[in-house]
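Peer 1: Pasting a structure below so you can have a look.
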Amino acid sequence: MTQTHARSEPPGIEGGEALSQVQTQFFIPATASLHERRPRTLKHGDSFAMFDHSGDAISGVGSPEGLYHCDTRHLSHLYLTVNDMRPILLSSALRDDNAMLTCDLTNPDFPGDDGRVMIEHDIIHLRRTRFLWKDALYERVTIRNFDTEPRQISVDLAFAADFVDLFEIRGITRLHRGLLRTPRVGASDVLLSYLGLDDRERYTHLHFDPMPTELTASHARFDVTVPPGQRIALFTRISCERIEAGNALPKQFLISLREAMQALRFARKRGAAVQSSNVLFNEVTRRSVADISMLSTDTEFGPYPYAGIPWFSTVFGRDAIITALETLWMDPAISRGVLGYLAAHQATSFDPAADAEPGKILHEVRHGEMAELGEVPFRHYYGSIDSTPLFVMLAGAYLERTGDVTFLGTILPHVEAALAWIDTHGDRDGDGFVEYGRLTDQGLQNQGWKDSHDSIFHADGTIARGPIALAEVQAYVFGAWQAAHILFCAIGDHERAADYRGRAEQLRDHFDAAFFDTELGTYVLALDGDKRPCRVRSSNAGHVLYTGLARKGRAEAVVRTLMAPASFSGWGVRTIASTEARYNPMSYHNGSIWPHDNALIASGFSRYGYQREAAQIFEGLFAAATYVDMMRLPELFCGFPRRRSQGPTFYPVACSPQAWSAATPLALIQSSLGLRFDVAATQISFHEPTLPLFLQSLVISGLSIGAARVDIGFDRMDNQVGVKTMRREGVARIVTVA
């Protein structure tokens with residue numbers, strides 16, 4: 001993620017200079033805790049919205065609330081009052097499928113002219129029903145009078161649009177901005193607009209039904225009389241980047257809501273479903289599937305999971321690939337969508353400002369004014385060292401999962417270009433390892449998934465000089481070459497397939513000699529530009545197990561180190577151990593706990609037969625989820641030790657929902673069950689399946705292989721798990737491997 005980084009002199013292509021003065025780069029201010037706010041979030045397509053529990057967006061310094069479209073805030077303030085007073089919050093909740101936000105409110109005591117209570121509290125009920133669909137926010141405010149006589153009330157909706165770029169909200173100060181246009185106010189609509197420095201005009205169009213009693217450029221007032229026991233409804237539509245026709249809004253509200261719910265229902269039913277004996281775990285998995293569905297934007301290539309709300313609601317390469325890998329067993333359509341999109345946007349030429357080189361896979365795409373002007377380098381940015389080998393890994397995994405050789409043919413040239421990049425631009429000095437170093441001082445200083453400025457360091461805490469060869473990146477390269485073997489076998493090019501398999505085995509020996517540290521009991525974090533090892537115990541070593549790069553004889557030591565109290569907090573494995581120089585459990589990458597990181601580590605444990613330890617990680621993350629609002633695992637949380645009867649300590653500006661965190665419980669299911677697919681044999685196999693102690697039984701419904709779909713049940717009996725086929729459509733073999 002591109003969250004908190006320091007700006008320094010670039011390491012450069014030649015090896016780089018030492019760090020000079022540290023300045024803030026692409027910083028996300030922690031002036032207010034997102035966990036404290038616990039905002040209500042909605043997303044559809046390229047739009048997302050954040051509100052407080054009453055359904056308002058309160059403008060102010062440091063507030064991230066509002067309605068966003070393509071990295072621009074199109075609505076910065078939305079505030080509902082009744083008789084000039086804020087209603088009392090009763091409750092607010094998102095539907096389980098994330099389709100709709102509902103806020104229930106009631107009136108406070110309304111004083112009369114003489115100061116006495118004219119209308120007692122809890123007489124008027126207001127229900128705000130809200131959803132996003134096709135770049136527009138729809139809201140219905142239903143007002144019901146529970147009094148025995150008619151009540152006249154005034155409902156006021158204040159609004160504003162600042163058209164601020166998301167990177168400004170993330171902490172960057174701009175010296176110059178564009179021009180806010182004079183609002184255009186009609187009888188029942190308002191058009192707010194902004195002319196950016198990029199010469200692009202951005203619009204926010206508000207339409208009200210019924211016609212407001214009073215409408216200005218900043219508020220709409222409705223004076224209404226509600227009969228006893230009756231209700232009335234007020235409708236609002238807030239559209240981004242287009243002016244909606246003034247057709248009947250109540251009807252359009254219902255039609256759009258039905259379409260939004262149908263789209264989410266289709267996305268959920270596309271893949272397999274999970275049900276267990278644990279009602280809390282069922283809530284966790286339902287939220288996971290719903291969040292992935294909401295975060296996924298439909299592209300011409302298929303669904304593409306945007307990384308997270310609020311800071312990363314856009315295309316990220318690394319995040320989407322890992323999310324796709326985590327969900328591939330359940331819903332292969334996500335992997336196809338990710339592969340198709342990233343292939344189409346692969347770099348074909350050199351562009352130092354974008355850290356682009358031929359064959360390289362995207363890191364990030366931004367559409368806001370600052371990206372368009374080059375004030376931030378992320379319009380189409382390629383500064384991640386791992387997206388390219390991960391892209392090849394996903395292509396091989398998708399082929400193994402689906403047998404879809406036809407689709408493979410469409411992206412094969414892109415896979416070959418990615419493999420060529422690994423050999424040339426990826427391995428800068430020809431030493432057999434892939435390194436990174438940004439091409440300008442505007443690019444990201446660290447380009448692995450731990451991309452904070454201080455995340456790669458030596459045992460004494462000294463920041464490592466580039467170019468940097470990360471341990472997990474070599475593991476991804478190994479995975480890419482294994483995938484290349486599978487891909488070329490599939491098209492009958494056995495000579496190239498054998499070459500890549502041989503290269504993978506050579507890398508295993510070369511990597512072991514350079515990265516394994518017997519004294520540490522694990523792999524070092526990285527090699528710096530002078531090929532000096534960064535002798536730091538880190539979670540990165542678990543990714544080496546994930547792809548199978550580790551020698552079997554090393555696995556036990558790595559597992560033991562990662563599960564020692566210095567690394568395993570009880571909630572999960574820390575990014576670095578508490579023994580290390582830069583350990584800080586409240587940092588972004590130096591001691592925190594990331595669910596997706598742990599999902600890959602658990603998968604690596606499972607690969608090498610350490611199912612019990614994988615189950616410990618599963619249990620820790622599940623327990624953490626039960627303490628989180630809406631059972632939703634956040635992007636990360638702090639790495640403090642787990643304490644009895646207390647939940648985890650939250651990171652203040654973590655995204656929630658976050659795609660690869662949402663997918664974590666689903667990936668952990670696969671790891672626990674040892675689930676694998678053999679499409680050629682139409683076989684689903686379970687290798688030493690286990691269930692964590694909080695699950696007595698589990699059912700996977702609608703699991704596909706080829707044209708077949710099966711329902712499979714799992715029951716834990718003492719230390720073993722029984723597997724049974726409950727329903728089968730088509731031909732499929734179910735095999736358990738002890």
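Scheme for the structure tokens: letters A, B, ... for chains in order shown; per-chain residue numbers from 1; ligand numbers from 1 in order shown.
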With only C-alpha atoms as the counted atoms, please give the residues lying no more than 10 Å from Ala659 of chain A, apart from itself and same-chain residues fewer than 4 positions off, as a list of chain:residue names.

Peer 2: A:Ser288, A:Val289, A:Asp291, A:Ile292, A:Ser293, A:Met294, A:Leu295, A:Ser296, A:Pro305, A:Tyr306, A:Ala307, A:Gly308, A:Ile309, A:Phe312, A:Ser313, A:Asp319, A:Ala320, A:Ile322, A:Thr323, A:Ala324, A:His596, A:Leu633, A:Pro634, A:Glu635, A:Cys655, A:Ala663, A:Thr664

Peer 1: So that I can see what lies close to Asp629 of chain A, please list as a list of chain:residue names the residues with an atom at most 12 Å from it, counting only C-alpha atoms and leaving out residues fewer than 5 positions away in the same chain.

Peer 2: A:Leu34, A:His35, A:Glu36, A:Arg37, A:Arg38, A:Pro39, A:Arg40, A:Ala93, A:Leu94, A:Glu283, A:Val284, A:Arg287, A:Ala624, A:Pro634, A:Gly647, A:Phe650, A:Ser656, A:Pro657

Peer 1: With C-alpha atoms retained, could you export that selection as a PDB file, in the first residue's frame?

Peer 2:
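Full text of selection35.pdb as output:
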```pdb
ATOM      1  CA  LEU A  34     -11.021   5.697  11.626  1.00  0.00           C
ATOM      2  CA  HIS A  35     -11.686   2.986  14.180  1.00  0.00           C
ATOM      3  CA  GLU A  36     -12.967   5.606  16.612  1.00  0.00           C
ATOM      4  CA  ARG A  37     -15.264   7.012  13.934  1.00  0.00           C
ATOM      5  CA  ARG A  38     -16.254   3.514  12.737  1.00  0.00           C
ATOM      6  CA  PRO A  39     -17.640   5.100   9.574  1.00  0.00           C
ATOM      7  CA  ARG A  40     -20.411   3.539   7.537  1.00  0.00           C
ATOM      8  CA  ALA A  93     -26.374  -0.653  10.166  1.00  0.00           C
ATOM      9  CA  LEU A  94     -25.343  -1.889   6.772  1.00  0.00           C
ATOM     10  CA  GLU A 283     -20.989 -13.888  10.245  1.00  0.00           C
ATOM     11  CA  VAL A 284     -17.285 -13.414   9.519  1.00  0.00           C
ATOM     12  CA  ARG A 287     -19.071 -10.276   5.727  1.00  0.00           C
ATOM     13  CA  ALA A 624      -9.704 -10.792  16.426  1.00  0.00           C
ATOM     14  CA  PRO A 634      -9.315  -4.402   8.907  1.00  0.00           C
ATOM     15  CA  GLY A 647      -9.672  -7.604  21.876  1.00  0.00           C
ATOM     16  CA  PHE A 650      -6.604  -1.135  16.436  1.00  0.00           C
ATOM     17  CA  SER A 656     -11.898  -1.154   6.402  1.00  0.00           C
ATOM     18  CA  PRO A 657     -13.087  -2.918   4.348  1.00  0.00           C
TER      19      PRO A 657
END
```

Peer 1: Kindly indicate which residue among A:Leu75, A:Leu126, A:Ala483, A:Ala459 lies nearest to Glu241 of chain A, using only C-alpha atoms for the distances.

Peer 2: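 For Glu241 of chain A, the nearest of the candidates is A:Leu75.
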
Peer 1: Would you mind listing what lies within 12 Å of Leu175 of chain A as an NGL selection string, with only C-alpha atoms counted and same-chain residues fewer than 3 positions away left out?

Peer 2: :A and (168 or 172 or 178 or 197 or 370 or 375)

Peer 1: Using only C-alpha atoms, determine which residues lie at most 9 Å from Tyr500 of chain A, disregarding the query and same-chain residues fewer than 2 positions distant; provide the list as a list in words.

Peer 2: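 Contacts, with the query itself left out: Ala480, Trp481, Gln482, Ala483, Ala484, His485, Glu495, Arg496, Ala497, Ala498, Gly502, Arg503, Ala504 and Glu505 of chain A.
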
Peer 1: Next, the residues of the selection above should be written as a CSV table (one decimal), in the first residue's frame with all heavy atoms.

Peer 2:
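Once written, result-v3.csv looks like this:
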```csv
chain,number,residue,atom,x,y,z
A,480,ALA,N,6.6,-17.8,-9.9
A,480,ALA,CA,6.4,-17.5,-11.3
A,480,ALA,C,7.0,-18.5,-12.2
A,480,ALA,O,6.4,-18.9,-13.3
A,480,ALA,CB,6.9,-16.1,-11.6
A,481,TRP,N,8.2,-19.0,-11.9
A,481,TRP,CA,8.8,-19.9,-12.8
A,481,TRP,C,8.2,-21.3,-12.7
A,481,TRP,O,8.1,-22.0,-13.7
A,481,TRP,CB,10.3,-20.0,-12.4
A,481,TRP,CG,11.1,-18.8,-12.9
A,481,TRP,CD1,10.7,-17.9,-13.8
A,481,TRP,CD2,12.4,-18.4,-12.5
A,481,TRP,NE1,11.6,-16.9,-14.0
A,481,TRP,CE2,12.7,-17.2,-13.2
A,481,TRP,CE3,13.3,-18.9,-11.6
A,481,TRP,CZ2,13.9,-16.5,-13.1
A,481,TRP,CZ3,14.5,-18.2,-11.4
A,481,TRP,CH2,14.8,-17.0,-12.2
A,482,GLN,N,7.7,-21.6,-11.5
A,482,GLN,CA,6.9,-22.9,-11.4
A,482,GLN,C,5.6,-22.7,-12.3
A,482,GLN,O,5.2,-23.7,-12.9
A,482,GLN,CB,6.5,-23.1,-9.9
A,482,GLN,CG,7.7,-23.4,-9.0
A,482,GLN,CD,8.1,-24.9,-9.1
A,482,GLN,OE1,8.3,-25.4,-10.1
A,482,GLN,NE2,8.2,-25.5,-7.9
A,483,ALA,N,5.0,-21.6,-12.2
A,483,ALA,CA,3.8,-21.3,-13.0
A,483,ALA,C,4.1,-21.4,-14.5
A,483,ALA,O,3.3,-21.9,-15.3
A,483,ALA,CB,3.2,-20.0,-12.6
A,484,ALA,N,5.2,-20.8,-14.9
A,484,ALA,CA,5.6,-20.8,-16.3
A,484,ALA,C,5.8,-22.3,-16.8
A,484,ALA,O,5.4,-22.6,-17.9
A,484,ALA,CB,6.9,-20.1,-16.5
A,485,HIS,N,6.3,-23.1,-15.9
A,485,HIS,CA,6.4,-24.6,-16.3
A,485,HIS,C,5.0,-25.1,-16.6
A,485,HIS,O,4.8,-25.8,-17.6
A,485,HIS,CB,7.1,-25.3,-15.1
A,485,HIS,CG,7.0,-26.8,-15.3
A,485,HIS,ND1,6.1,-27.6,-14.6
A,485,HIS,CD2,7.7,-27.7,-16.1
A,485,HIS,CE1,6.3,-28.9,-14.9
A,485,HIS,NE2,7.2,-28.9,-15.8
A,495,GLU,N,10.0,-27.8,-23.9
A,495,GLU,CA,11.4,-27.3,-23.8
A,495,GLU,C,11.4,-26.1,-22.8
A,495,GLU,O,12.2,-26.1,-21.9
A,495,GLU,CB,12.0,-27.0,-25.1
A,495,GLU,CG,13.5,-26.6,-25.0
A,495,GLU,CD,14.1,-26.3,-26.4
A,495,GLU,OE1,13.4,-26.7,-27.4
A,495,GLU,OE2,15.2,-25.8,-26.4
A,496,ARG,N,10.6,-25.1,-23.1
A,496,ARG,CA,10.6,-23.9,-22.3
A,496,ARG,C,10.1,-24.3,-20.9
A,496,ARG,O,10.5,-23.8,-19.8
A,496,ARG,CB,9.7,-22.8,-22.9
A,496,ARG,CG,10.3,-22.2,-24.1
A,496,ARG,CD,9.4,-21.2,-24.7
A,496,ARG,NE,9.4,-19.9,-23.9
A,496,ARG,CZ,8.7,-18.9,-24.2
A,496,ARG,NH1,7.8,-18.9,-25.2
A,496,ARG,NH2,8.8,-17.8,-23.5
A,497,ALA,N,9.1,-25.2,-20.8
A,497,ALA,CA,8.6,-25.6,-19.5
A,497,ALA,C,9.7,-26.2,-18.6
A,497,ALA,O,9.8,-25.9,-17.5
A,497,ALA,CB,7.4,-26.6,-19.7
A,498,ALA,N,10.5,-27.1,-19.3
A,498,ALA,CA,11.6,-27.7,-18.5
A,498,ALA,C,12.6,-26.7,-18.1
A,498,ALA,O,13.2,-26.8,-17.0
A,498,ALA,CB,12.2,-28.8,-19.4
A,502,GLY,N,13.8,-26.0,-14.2
A,502,GLY,CA,15.2,-26.1,-13.8
A,502,GLY,C,15.6,-24.8,-13.2
A,502,GLY,O,16.4,-24.8,-12.2
A,503,ARG,N,15.2,-23.7,-13.7
A,503,ARG,CA,15.6,-22.4,-13.1
A,503,ARG,C,15.0,-22.2,-11.7
A,503,ARG,O,15.7,-21.7,-10.8
A,503,ARG,CB,15.1,-21.2,-14.0
A,503,ARG,CG,15.8,-21.2,-15.4
A,503,ARG,CD,15.2,-20.2,-16.3
A,503,ARG,NE,15.4,-18.8,-15.8
A,503,ARG,CZ,15.1,-17.8,-16.6
A,503,ARG,NH1,14.5,-17.9,-17.8
A,503,ARG,NH2,15.3,-16.5,-16.1
A,504,ALA,N,13.8,-22.7,-11.5
A,504,ALA,CA,13.2,-22.7,-10.2
A,504,ALA,C,14.1,-23.5,-9.2
A,504,ALA,O,14.3,-23.0,-8.0
A,504,ALA,CB,11.8,-23.2,-10.2
A,505,GLU,N,14.5,-24.7,-9.6
A,505,GLU,CA,15.3,-25.5,-8.7
A,505,GLU,C,16.7,-24.8,-8.4
A,505,GLU,O,17.2,-24.9,-7.3
A,505,GLU,CB,15.5,-26.9,-9.3
A,505,GLU,CG,14.2,-27.7,-9.3
A,505,GLU,CD,13.5,-27.8,-7.9
A,505,GLU,OE1,14.2,-28.0,-6.9
A,505,GLU,OE2,12.3,-27.5,-7.9
```

Peer 1: As JSON, numbers by chain, please: all residues of segment 351-449 of chain A that backbone DSSP puts in strand (DSSP E).

Peer 2: {"A": [364, 365, 380, 381]}

Peer 1: How about saving the chosen residues, all heavy atoms kept, as a tab-separated table (two decimals), in the first residue's frame?

Peer 2:
```
chain	number	residue	atom	x	y	z
A	364	GLU	N	-0.53	0.81	-9.32
A	364	GLU	CA	-1.64	1.64	-8.86
A	364	GLU	C	-2.13	2.52	-10.01
A	364	GLU	O	-1.34	2.96	-10.85
A	364	GLU	CB	-1.14	2.51	-7.70
A	364	GLU	CG	-2.14	3.45	-7.09
A	364	GLU	CD	-1.57	4.20	-5.89
A	364	GLU	OE1	-0.40	3.95	-5.52
A	364	GLU	OE2	-2.29	5.04	-5.32
A	365	VAL	N	-3.43	2.78	-10.03
A	365	VAL	CA	-4.04	3.70	-11.00
A	365	VAL	C	-4.83	4.75	-10.23
A	365	VAL	O	-5.59	4.41	-9.32
A	365	VAL	CB	-4.97	2.96	-11.98
A	365	VAL	CG1	-5.67	3.95	-12.90
A	365	VAL	CG2	-4.19	1.95	-12.80
A	380	HIS	N	-0.79	6.18	-13.81
A	380	HIS	CA	-0.54	4.76	-14.12
A	380	HIS	C	0.86	4.49	-13.60
A	380	HIS	O	1.85	4.81	-14.25
A	380	HIS	CB	-0.62	4.49	-15.63
A	380	HIS	CG	-1.95	4.05	-16.10
A	380	HIS	ND1	-3.01	4.91	-16.22
A	380	HIS	CD2	-2.43	2.82	-16.46
A	380	HIS	CE1	-4.08	4.25	-16.65
A	380	HIS	NE2	-3.75	2.98	-16.79
A	381	TYR	N	0.94	3.89	-12.41
A	381	TYR	CA	2.22	3.78	-11.73
A	381	TYR	C	2.61	2.31	-11.59
A	381	TYR	O	1.77	1.47	-11.24
A	381	TYR	CB	2.14	4.45	-10.35
A	381	TYR	CG	3.45	4.45	-9.61
A	381	TYR	CD1	4.56	5.10	-10.12
A	381	TYR	CD2	3.58	3.78	-8.39
A	381	TYR	CE1	5.77	5.10	-9.44
A	381	TYR	CE2	4.78	3.77	-7.70
A	381	TYR	CZ	5.87	4.43	-8.24
A	381	TYR	OH	7.06	4.42	-7.57
```

Peer 1: Show which residues sit within 6 Å of Gly572 of chain A, as an NGL selection string. Count only C-alpha atoms, and ignore same-chain residues fewer than 4 positions away.

Peer 2: :A and (568 or 617 or 620)

Peer 1: For Asn446 of chain A, find every residue with an atom within 10 Å (counting only C-alpha atoms), except residues of its own chain fewer than 3 positions away, and show them as a PyMOL selection string.

Peer 2: chain A and resi 2+5-6+11+383-385+436-438+443+449-456+466-468

Peer 1: Excluding segment 52-63 of chain A and any residue of its chain fewer than 4 positions from it, enumerate the residues within 6 Å of it, using only C-alpha atoms, and give them as a PyMOL selection string.

Peer 2: chain A and resi 39+76-79+89+92+103

Peer 1: So how far away is atom CA of Thr522 of chain A from atom CA of Val558 of chain A, in Å?

Peer 2: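 Separation between atom CA of Val558 of chain A and atom CA of Thr522 of chain A: 4.8 Å.
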
Peer 1: So that I can check the secondary structure, give me every residue of segment 497-652 of chain A assigned alpha helix (DSSP H) by backbone DSSP, as a PyMOL selection string.

Peer 2: chain A and resi 497-515+540-547+552-562+595-607+611-625

Peer 1: From the set A:Leu257, A:Met717, A:Val710, A:Val653, which residue has the shortest atom-to-atom contact distance to Glu729 of chain A, counting only C-alpha atoms?

Peer 2: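 For Glu729 of chain A, the nearest of the candidates is A:Val710.
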
Peer 1: Give me, please, the distance in Å between atom CA of Leu673 of chain A and atom CA of Thr736 of chain A, quoted to one decimal.

Peer 2: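 Going from atom CA of Leu673 of chain A over to atom CA of Thr736 of chain A covers 9.7 Å.
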
Peer 1: Considering only C-alpha atoms, state which residue in the set A:Ala260, A:Val155, A:Leu668, A:Leu328 is at the smallest distance from Pro87 of chain A.

Peer 2: A:Val155

Peer 1: Which one of A:Ser538, A:Ser697, A:Thr626, A:Gln720 sits closest to Arg612 of chain A if you count only C-alpha atoms?

Peer 2: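 Using only C-alpha atoms, the shortest distance to Arg612 of chain A belongs to A:Gln720.
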
Peer 1: Under the rule that only C-alpha atoms are counted, which of A:Ile124, A:Ala417, A:Ala99, A:Leu444 is the nearest residue to Ser256 of chain A?

Peer 2: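 Among the listed residues, A:Ala99 lies closest to Ser256 of chain A.
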
Peer 1: Which residue out of A:Leu234, A:Leu439, A:Ala418, A:Leu215 has the minimum interatomic distance to Arg128 of chain A when only C-alpha atoms are used?

Peer 2: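 Ranking A:Leu234, A:Leu439, A:Ala418, A:Leu215 by distance to Arg128 of chain A, first place goes to A:Leu234.
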